[in-house]
>>> print(open('data.txt').read())   # compact mmCIF, N, CA, C and O atoms
# COMPACT_ATOMS: atom_id res chain seq x y z
N MET A 1446 0.84 -1.18 0.00
CA MET A 1446 0.00 0.00 0.00
C MET A 1446 0.89 1.25 0.00
O MET A 1446 1.92 1.30 0.64
N ALA A 1447 0.45 2.28 -0.68
CA ALA A 1447 1.27 3.48 -0.86
C ALA A 1447 1.57 4.20 0.45
O ALA A 1447 2.60 4.84 0.57
N GLY A 1448 0.69 4.12 1.44
CA GLY A 1448 0.91 4.83 2.68
C GLY A 1448 1.82 4.12 3.66
O GLY A 1448 2.25 4.70 4.64
N GLU A 1449 2.13 2.86 3.42
CA GLU A 1449 2.99 2.10 4.33
C GLU A 1449 4.44 2.51 4.13
O GLU A 1449 4.88 2.82 3.04
N ARG A 1450 5.19 2.47 5.23
CA ARG A 1450 6.61 2.79 5.16
C ARG A 1450 7.37 1.67 4.48
O ARG A 1450 7.07 0.48 4.66
N LEU A 1451 8.35 2.03 3.69
CA LEU A 1451 9.18 1.05 3.00
C LEU A 1451 10.29 0.57 3.93
O LEU A 1451 10.91 1.37 4.64
N THR A 1452 10.55 -0.72 3.90
CA THR A 1452 11.72 -1.25 4.60
C THR A 1452 12.95 -0.83 3.81
O THR A 1452 12.84 -0.45 2.63
N PRO A 1453 14.13 -0.90 4.42
CA PRO A 1453 15.34 -0.59 3.64
C PRO A 1453 15.45 -1.44 2.37
O PRO A 1453 15.81 -0.93 1.30
N GLU A 1454 15.10 -2.70 2.48
CA GLU A 1454 15.19 -3.60 1.31
C GLU A 1454 14.19 -3.18 0.24
O GLU A 1454 14.50 -3.18 -0.96
N ALA A 1455 12.97 -2.82 0.65
CA ALA A 1455 11.94 -2.41 -0.31
C ALA A 1455 12.29 -1.07 -0.97
O ALA A 1455 12.01 -0.87 -2.15
N PHE A 1456 12.89 -0.17 -0.20
CA PHE A 1456 13.29 1.13 -0.74
C PHE A 1456 14.28 0.93 -1.88
O PHE A 1456 14.11 1.46 -2.98
N LYS A 1457 15.30 0.14 -1.62
CA LYS A 1457 16.33 -0.13 -2.63
C LYS A 1457 15.74 -0.89 -3.83
O LYS A 1457 16.03 -0.57 -4.98
N ALA A 1458 14.90 -1.86 -3.55
CA ALA A 1458 14.28 -2.64 -4.62
C ALA A 1458 13.42 -1.76 -5.52
O ALA A 1458 13.38 -1.96 -6.74
N GLU A 1459 12.74 -0.77 -4.92
CA GLU A 1459 11.87 0.10 -5.70
C GLU A 1459 12.65 0.96 -6.68
O GLU A 1459 12.28 1.06 -7.84
N PHE A 1460 13.75 1.57 -6.24
CA PHE A 1460 14.47 2.39 -7.21
C PHE A 1460 15.17 1.52 -8.25
O PHE A 1460 15.25 1.88 -9.42
N LYS A 1461 15.62 0.33 -7.85
CA LYS A 1461 16.24 -0.56 -8.83
C LYS A 1461 15.21 -1.08 -9.83
O LYS A 1461 15.50 -1.21 -11.01
N ARG A 1462 14.00 -1.37 -9.36
CA ARG A 1462 12.93 -1.85 -10.23
C ARG A 1462 12.64 -0.84 -11.33
O ARG A 1462 12.31 -1.19 -12.47
N LYS A 1463 12.79 0.43 -10.99
CA LYS A 1463 12.51 1.49 -11.95
C LYS A 1463 13.73 1.83 -12.81
O LYS A 1463 13.70 2.76 -13.60
N GLY A 1464 14.82 1.08 -12.63
CA GLY A 1464 16.00 1.24 -13.48
C GLY A 1464 17.04 2.22 -12.97
O GLY A 1464 17.96 2.58 -13.70
N TRP A 1465 16.92 2.64 -11.71
CA TRP A 1465 17.85 3.60 -11.15
C TRP A 1465 18.95 2.91 -10.37
O TRP A 1465 18.73 1.89 -9.75
N THR A 1466 20.14 3.50 -10.40
CA THR A 1466 21.24 3.09 -9.53
C THR A 1466 21.37 4.14 -8.43
O THR A 1466 20.81 5.24 -8.55
N GLY A 1467 22.10 3.79 -7.39
CA GLY A 1467 22.35 4.77 -6.34
C GLY A 1467 23.05 6.01 -6.87
O GLY A 1467 22.74 7.13 -6.49
N LYS A 1468 23.98 5.81 -7.80
CA LYS A 1468 24.73 6.93 -8.39
C LYS A 1468 23.80 7.84 -9.20
O LYS A 1468 23.86 9.07 -9.06
N ALA A 1469 22.96 7.25 -10.02
CA ALA A 1469 22.03 8.04 -10.83
C ALA A 1469 21.01 8.77 -9.96
O ALA A 1469 20.66 9.92 -10.22
N LEU A 1470 20.55 8.09 -8.92
CA LEU A 1470 19.60 8.69 -8.00
C LEU A 1470 20.23 9.87 -7.26
O LEU A 1470 19.61 10.93 -7.09
N ALA A 1471 21.47 9.71 -6.84
CA ALA A 1471 22.18 10.79 -6.17
C ALA A 1471 22.29 12.01 -7.08
O ALA A 1471 22.08 13.15 -6.64
N ALA A 1472 22.59 11.78 -8.34
CA ALA A 1472 22.70 12.89 -9.29
C ALA A 1472 21.34 13.57 -9.47
O ALA A 1472 21.26 14.81 -9.47
N ARG A 1473 20.28 12.81 -9.59
CA ARG A 1473 18.94 13.38 -9.78
C ARG A 1473 18.51 14.19 -8.57
O ARG A 1473 17.95 15.27 -8.69
N TRP A 1474 18.77 13.66 -7.37
CA TRP A 1474 18.34 14.31 -6.13
C TRP A 1474 19.37 15.34 -5.64
O TRP A 1474 19.14 15.99 -4.62
N GLU A 1475 20.49 15.45 -6.34
CA GLU A 1475 21.55 16.40 -5.99
C GLU A 1475 22.07 16.20 -4.56
O GLU A 1475 22.21 17.15 -3.78
N VAL A 1476 22.33 14.94 -4.25
CA VAL A 1476 22.94 14.54 -2.98
C VAL A 1476 24.06 13.57 -3.31
O VAL A 1476 24.20 13.14 -4.45
N SER A 1477 24.85 13.21 -2.32
CA SER A 1477 25.93 12.25 -2.56
C SER A 1477 25.39 10.82 -2.58
O SER A 1477 24.31 10.54 -2.07
N GLU A 1478 26.17 9.93 -3.18
CA GLU A 1478 25.81 8.51 -3.16
C GLU A 1478 25.73 8.00 -1.73
O GLU A 1478 24.88 7.17 -1.41
N ALA A 1479 26.64 8.49 -0.89
CA ALA A 1479 26.63 8.07 0.52
C ALA A 1479 25.32 8.48 1.19
O ALA A 1479 24.76 7.73 2.00
N TRP A 1480 24.80 9.66 0.84
CA TRP A 1480 23.53 10.12 1.43
C TRP A 1480 22.38 9.23 0.96
O TRP A 1480 21.51 8.86 1.76
N VAL A 1481 22.35 8.87 -0.31
CA VAL A 1481 21.31 7.95 -0.81
C VAL A 1481 21.38 6.64 -0.04
O VAL A 1481 20.35 6.10 0.39
N SER A 1482 22.57 6.14 0.18
CA SER A 1482 22.75 4.90 0.92
C SER A 1482 22.23 5.04 2.35
O SER A 1482 21.53 4.15 2.86
N LYS A 1483 22.55 6.15 3.00
CA LYS A 1483 22.08 6.38 4.38
C LYS A 1483 20.56 6.47 4.42
O LYS A 1483 19.92 5.93 5.33
N ILE A 1484 19.98 7.16 3.45
CA ILE A 1484 18.52 7.27 3.39
C ILE A 1484 17.91 5.88 3.21
O ILE A 1484 16.98 5.50 3.92
N ALA A 1485 18.43 5.13 2.26
CA ALA A 1485 17.89 3.81 1.96
C ALA A 1485 17.97 2.87 3.15
O ALA A 1485 17.04 2.09 3.40
N GLN A 1486 19.05 2.93 3.90
CA GLN A 1486 19.27 2.00 5.01
C GLN A 1486 18.54 2.37 6.29
O GLN A 1486 18.48 1.58 7.22
N ASN A 1487 17.98 3.56 6.35
CA ASN A 1487 17.34 4.04 7.56
C ASN A 1487 15.84 3.74 7.56
O ASN A 1487 15.08 4.40 6.87
N PRO A 1488 15.39 2.76 8.35
CA PRO A 1488 13.96 2.46 8.37
C PRO A 1488 13.13 3.58 8.99
O PRO A 1488 11.92 3.62 8.82
N GLN A 1489 13.78 4.52 9.67
CA GLN A 1489 13.09 5.66 10.28
C GLN A 1489 13.22 6.94 9.43
O GLN A 1489 12.99 8.04 9.93
N ARG A 1490 13.57 6.77 8.14
CA ARG A 1490 13.74 7.93 7.26
C ARG A 1490 12.44 8.73 7.20
O ARG A 1490 11.35 8.20 7.43
N ALA A 1491 12.55 10.00 6.89
CA ALA A 1491 11.38 10.86 6.73
C ALA A 1491 10.49 10.30 5.60
O ALA A 1491 10.99 9.79 4.59
N ALA A 1492 9.20 10.42 5.78
CA ALA A 1492 8.24 9.86 4.83
C ALA A 1492 8.41 10.42 3.42
O ALA A 1492 8.11 9.72 2.44
N HIS A 1493 8.91 11.65 3.30
CA HIS A 1493 9.03 12.22 1.96
C HIS A 1493 10.02 11.45 1.09
O HIS A 1493 9.91 11.47 -0.13
N TRP A 1494 10.99 10.76 1.71
CA TRP A 1494 11.92 9.97 0.90
C TRP A 1494 11.21 8.75 0.32
O TRP A 1494 11.47 8.36 -0.83
N ASP A 1495 10.33 8.12 1.08
CA ASP A 1495 9.53 7.01 0.53
C ASP A 1495 8.67 7.52 -0.62
O ASP A 1495 8.55 6.87 -1.66
N ASP A 1496 8.04 8.67 -0.42
CA ASP A 1496 7.21 9.26 -1.48
C ASP A 1496 8.05 9.53 -2.73
O ASP A 1496 7.60 9.28 -3.85
N ALA A 1497 9.26 10.04 -2.52
CA ALA A 1497 10.14 10.37 -3.65
C ALA A 1497 10.52 9.13 -4.44
O ALA A 1497 10.48 9.14 -5.68
N VAL A 1498 10.89 8.06 -3.75
CA VAL A 1498 11.31 6.86 -4.48
C VAL A 1498 10.11 6.21 -5.18
O VAL A 1498 10.23 5.68 -6.28
N ARG A 1499 8.94 6.28 -4.56
CA ARG A 1499 7.74 5.74 -5.21
C ARG A 1499 7.37 6.53 -6.46
O ARG A 1499 6.81 5.99 -7.40
N GLY A 1500 7.69 7.83 -6.46
CA GLY A 1500 7.32 8.69 -7.58
C GLY A 1500 8.36 8.78 -8.69
O GLY A 1500 8.14 9.50 -9.66
N LEU A 1501 9.46 8.06 -8.56
CA LEU A 1501 10.48 8.10 -9.61
C LEU A 1501 9.94 7.60 -10.92
O LEU A 1501 9.20 6.60 -10.97
N PRO A 1502 10.32 8.25 -12.01
CA PRO A 1502 9.93 7.72 -13.32
C PRO A 1502 10.75 6.47 -13.65
O PRO A 1502 11.82 6.25 -13.07
N ILE A 1503 10.24 5.69 -14.55
CA ILE A 1503 11.01 4.53 -15.06
C ILE A 1503 12.16 5.11 -15.87
O ILE A 1503 11.97 5.95 -16.74
N LYS A 1504 13.37 4.66 -15.56
CA LYS A 1504 14.55 5.17 -16.24
C LYS A 1504 14.82 4.33 -17.49
O LYS A 1504 14.88 3.12 -17.41
N GLY A 1505 14.98 5.01 -18.62
CA GLY A 1505 15.30 4.33 -19.86
C GLY A 1505 16.74 3.88 -19.88
O GLY A 1505 17.57 4.34 -19.11
N ASN A 1506 17.05 2.94 -20.74
CA ASN A 1506 18.42 2.43 -20.84
C ASN A 1506 19.32 3.40 -21.52
O ASN A 1506 19.28 4.01 -22.39
>>> encode(input="data.txt", output="structure tokens")
Amino acid sequence: MAGERLTPEAFKAEFKRKGWTGKALAARWEVSEAWVSKIAQNPQRAAHWDDAVRGLPIKGN
């Protein structure tokens, strides 16, 4: 369900499912790769990060 919090595993799986890498996501969000990793691994991350990863477009090859 869209309102449920993503686990760290689900967060990472969601951006990968849409064709994104941590590096590409960092560039899009204008943060470091380390910050993307910290966000992804934190089950207590702010809800807006879950919303952001759910709203990512499918990345073309």
>>> closest_residue(input="data.txt", among="A:Ile1484, A:Ala1492, A:Ala1479, A:Ala1469", to="Lys1457 (chain A)", atoms="only N, CA, C and O atoms")
A:Ile1484
>>> closest_residue(input="data.txt", among="A:Ile1503, A:Glu1459, A:Lys1468, A:Asp1495", to="Ser1482 (chain A)", atoms="only C-alpha atoms")
A:Lys1468
>>> closest_residue(input="data.txt", among="A:Ser1477, A:Phe1460, A:Ala1485, A:Gly1467", to="Arg1499 (chain A)", atoms="all atoms listed in the file")
A:Phe1460
>>> axis_aligned_box(input="data.txt", around="region 1482-1495 of chain A", padding_each_side="8 Å", output="lines of an AutoDock Vina configuration file")
center_x = 15.4
center_y = 6.9
center_z = 4.3
size_x = 30.6
size_y = 26.6
size_z = 27.9
>>> select_by_dssp(input="data.txt", residues="chain A", states="helix (DSSP H, G or I)", output="ChimeraX atom specification")
/A:1453-1462,1467-1474,1478-1486,1492-1499
>>> residues_near_point(input="data.txt", point="(15.6, 1.6, -14.8)", cutoff="9 Å", atoms="only C-alpha atoms", output="list of chain:residue names")
A:Phe1460, A:Lys1461, A:Arg1462, A:Lys1463, A:Gly1464, A:Trp1465, A:Thr1466, A:Pro1502, A:Ile1503, A:Lys1504, A:Gly1505, A:Asn1506
>>> atom_distance(input="data.txt", atom1="atom O of Thr1452 (chain A)", atom2="CA of Arg1473 (chain A)")
19.6 Å
>>> build_atoms(input="data.txt", residues="region 1452-1463 of chain A", atoms="all heavy atoms", output="PDB file, in the coordinates of the input")
ATOM      1  N   THR A1452      10.550  -0.720   3.900  1.00  0.00           N
ATOM      2  CA  THR A1452      11.720  -1.250   4.600  1.00  0.00           C
ATOM      3  C   THR A1452      12.950  -0.830   3.810  1.00  0.00           C
ATOM      4  O   THR A1452      12.840  -0.450   2.630  1.00  0.00           O
ATOM      5  CB  THR A1452      11.673  -2.783   4.663  1.00  0.00           C
ATOM      6  OG1 THR A1452      11.764  -3.293   3.318  1.00  0.00           O
ATOM      7  CG2 THR A1452      10.421  -3.298   5.355  1.00  0.00           C
ATOM      8  N   PRO A1453      14.130  -0.900   4.420  1.00  0.00           N
ATOM      9  CA  PRO A1453      15.340  -0.590   3.640  1.00  0.00           C
ATOM     10  C   PRO A1453      15.450  -1.440   2.370  1.00  0.00           C
ATOM     11  O   PRO A1453      15.810  -0.930   1.300  1.00  0.00           O
ATOM     12  CB  PRO A1453      16.465  -0.875   4.629  1.00  0.00           C
ATOM     13  CG  PRO A1453      15.854  -0.552   5.960  1.00  0.00           C
ATOM     14  CD  PRO A1453      14.438  -1.074   5.846  1.00  0.00           C
ATOM     15  N   GLU A1454      15.100  -2.700   2.480  1.00  0.00           N
ATOM     16  CA  GLU A1454      15.190  -3.600   1.310  1.00  0.00           C
ATOM     17  C   GLU A1454      14.190  -3.180   0.240  1.00  0.00           C
ATOM     18  O   GLU A1454      14.500  -3.180  -0.960  1.00  0.00           O
ATOM     19  CB  GLU A1454      14.927  -5.044   1.741  1.00  0.00           C
ATOM     20  CG  GLU A1454      15.956  -5.607   2.686  1.00  0.00           C
ATOM     21  CD  GLU A1454      15.780  -5.180   4.146  1.00  0.00           C
ATOM     22  OE1 GLU A1454      14.697  -4.656   4.523  1.00  0.00           O
ATOM     23  OE2 GLU A1454      16.738  -5.361   4.911  1.00  0.00           O
ATOM     24  N   ALA A1455      12.970  -2.820   0.650  1.00  0.00           N
ATOM     25  CA  ALA A1455      11.940  -2.410  -0.310  1.00  0.00           C
ATOM     26  C   ALA A1455      12.290  -1.070  -0.970  1.00  0.00           C
ATOM     27  O   ALA A1455      12.010  -0.870  -2.150  1.00  0.00           O
ATOM     28  CB  ALA A1455      10.585  -2.333   0.382  1.00  0.00           C
ATOM     29  N   PHE A1456      12.890  -0.170  -0.200  1.00  0.00           N
ATOM     30  CA  PHE A1456      13.290   1.130  -0.740  1.00  0.00           C
ATOM     31  C   PHE A1456      14.280   0.930  -1.880  1.00  0.00           C
ATOM     32  O   PHE A1456      14.110   1.460  -2.980  1.00  0.00           O
ATOM     33  CB  PHE A1456      13.911   1.968   0.378  1.00  0.00           C
ATOM     34  CG  PHE A1456      14.219   3.390  -0.005  1.00  0.00           C
ATOM     35  CD1 PHE A1456      13.310   4.399   0.246  1.00  0.00           C
ATOM     36  CD2 PHE A1456      15.438   3.726  -0.588  1.00  0.00           C
ATOM     37  CE1 PHE A1456      13.597   5.723  -0.091  1.00  0.00           C
ATOM     38  CE2 PHE A1456      15.738   5.036  -0.927  1.00  0.00           C
ATOM     39  CZ  PHE A1456      14.816   6.037  -0.678  1.00  0.00           C
ATOM     40  N   LYS A1457      15.300   0.140  -1.620  1.00  0.00           N
ATOM     41  CA  LYS A1457      16.330  -0.130  -2.630  1.00  0.00           C
ATOM     42  C   LYS A1457      15.740  -0.890  -3.830  1.00  0.00           C
ATOM     43  O   LYS A1457      16.030  -0.570  -4.980  1.00  0.00           O
ATOM     44  CB  LYS A1457      17.477  -0.919  -2.015  1.00  0.00           C
ATOM     45  CG  LYS A1457      18.674  -1.060  -2.908  1.00  0.00           C
ATOM     46  CD  LYS A1457      19.832  -1.688  -2.166  1.00  0.00           C
ATOM     47  CE  LYS A1457      21.052  -1.814  -3.044  1.00  0.00           C
ATOM     48  NZ  LYS A1457      22.181  -2.435  -2.349  1.00  0.00           N
ATOM     49  N   ALA A1458      14.900  -1.860  -3.550  1.00  0.00           N
ATOM     50  CA  ALA A1458      14.280  -2.640  -4.620  1.00  0.00           C
ATOM     51  C   ALA A1458      13.420  -1.760  -5.520  1.00  0.00           C
ATOM     52  O   ALA A1458      13.380  -1.960  -6.740  1.00  0.00           O
ATOM     53  CB  ALA A1458      13.448  -3.778  -4.036  1.00  0.00           C
ATOM     54  N   GLU A1459      12.740  -0.770  -4.920  1.00  0.00           N
ATOM     55  CA  GLU A1459      11.870   0.100  -5.700  1.00  0.00           C
ATOM     56  C   GLU A1459      12.650   0.960  -6.680  1.00  0.00           C
ATOM     57  O   GLU A1459      12.280   1.060  -7.840  1.00  0.00           O
ATOM     58  CB  GLU A1459      11.021   0.970  -4.769  1.00  0.00           C
ATOM     59  CG  GLU A1459      10.042   1.875  -5.466  1.00  0.00           C
ATOM     60  CD  GLU A1459       8.932   1.173  -6.228  1.00  0.00           C
ATOM     61  OE1 GLU A1459       8.808  -0.063  -6.150  1.00  0.00           O
ATOM     62  OE2 GLU A1459       8.174   1.866  -6.931  1.00  0.00           O
ATOM     63  N   PHE A1460      13.750   1.570  -6.240  1.00  0.00           N
ATOM     64  CA  PHE A1460      14.470   2.390  -7.210  1.00  0.00           C
ATOM     65  C   PHE A1460      15.170   1.520  -8.250  1.00  0.00           C
ATOM     66  O   PHE A1460      15.250   1.880  -9.420  1.00  0.00           O
ATOM     67  CB  PHE A1460      15.361   3.465  -6.575  1.00  0.00           C
ATOM     68  CG  PHE A1460      16.640   3.064  -5.903  1.00  0.00           C
ATOM     69  CD1 PHE A1460      17.751   2.664  -6.629  1.00  0.00           C
ATOM     70  CD2 PHE A1460      16.758   3.159  -4.523  1.00  0.00           C
ATOM     71  CE1 PHE A1460      18.952   2.353  -6.005  1.00  0.00           C
ATOM     72  CE2 PHE A1460      17.959   2.857  -3.888  1.00  0.00           C
ATOM     73  CZ  PHE A1460      19.057   2.441  -4.631  1.00  0.00           C
ATOM     74  N   LYS A1461      15.620   0.330  -7.850  1.00  0.00           N
ATOM     75  CA  LYS A1461      16.240  -0.560  -8.830  1.00  0.00           C
ATOM     76  C   LYS A1461      15.210  -1.080  -9.830  1.00  0.00           C
ATOM     77  O   LYS A1461      15.500  -1.210 -11.010  1.00  0.00           O
ATOM     78  CB  LYS A1461      16.932  -1.721  -8.120  1.00  0.00           C
ATOM     79  CG  LYS A1461      18.210  -1.299  -7.445  1.00  0.00           C
ATOM     80  CD  LYS A1461      18.961  -2.482  -6.891  1.00  0.00           C
ATOM     81  CE  LYS A1461      20.351  -2.047  -6.452  1.00  0.00           C
ATOM     82  NZ  LYS A1461      21.229  -3.182  -6.233  1.00  0.00           N
ATOM     83  N   ARG A1462      14.000  -1.370  -9.360  1.00  0.00           N
ATOM     84  CA  ARG A1462      12.930  -1.850 -10.230  1.00  0.00           C
ATOM     85  C   ARG A1462      12.640  -0.840 -11.330  1.00  0.00           C
ATOM     86  O   ARG A1462      12.310  -1.190 -12.470  1.00  0.00           O
ATOM     87  CB  ARG A1462      11.665  -2.122  -9.403  1.00  0.00           C
ATOM     88  CG  ARG A1462      10.486  -2.641 -10.206  1.00  0.00           C
ATOM     89  CD  ARG A1462       9.242  -2.794  -9.348  1.00  0.00           C
ATOM     90  NE  ARG A1462       8.667  -1.508  -8.977  1.00  0.00           N
ATOM     91  CZ  ARG A1462       7.898  -0.769  -9.762  1.00  0.00           C
ATOM     92  NH1 ARG A1462       7.618  -1.142 -10.999  1.00  0.00           N
ATOM     93  NH2 ARG A1462       7.399   0.367  -9.319  1.00  0.00           N
ATOM     94  N   LYS A1463      12.790   0.430 -10.990  1.00  0.00           N
ATOM     95  CA  LYS A1463      12.510   1.490 -11.950  1.00  0.00           C
ATOM     96  C   LYS A1463      13.730   1.830 -12.810  1.00  0.00           C
ATOM     97  O   LYS A1463      13.700   2.760 -13.600  1.00  0.00           O
ATOM     98  CB  LYS A1463      12.007   2.730 -11.221  1.00  0.00           C
ATOM     99  CG  LYS A1463      10.639   2.479 -10.601  1.00  0.00           C
ATOM    100  CD  LYS A1463      10.102   3.702  -9.933  1.00  0.00           C
ATOM    101  CE  LYS A1463       8.684   3.425  -9.446  1.00  0.00           C
ATOM    102  NZ  LYS A1463       8.056   4.654  -8.949  1.00  0.00           N
TER     103      LYS A1463
END
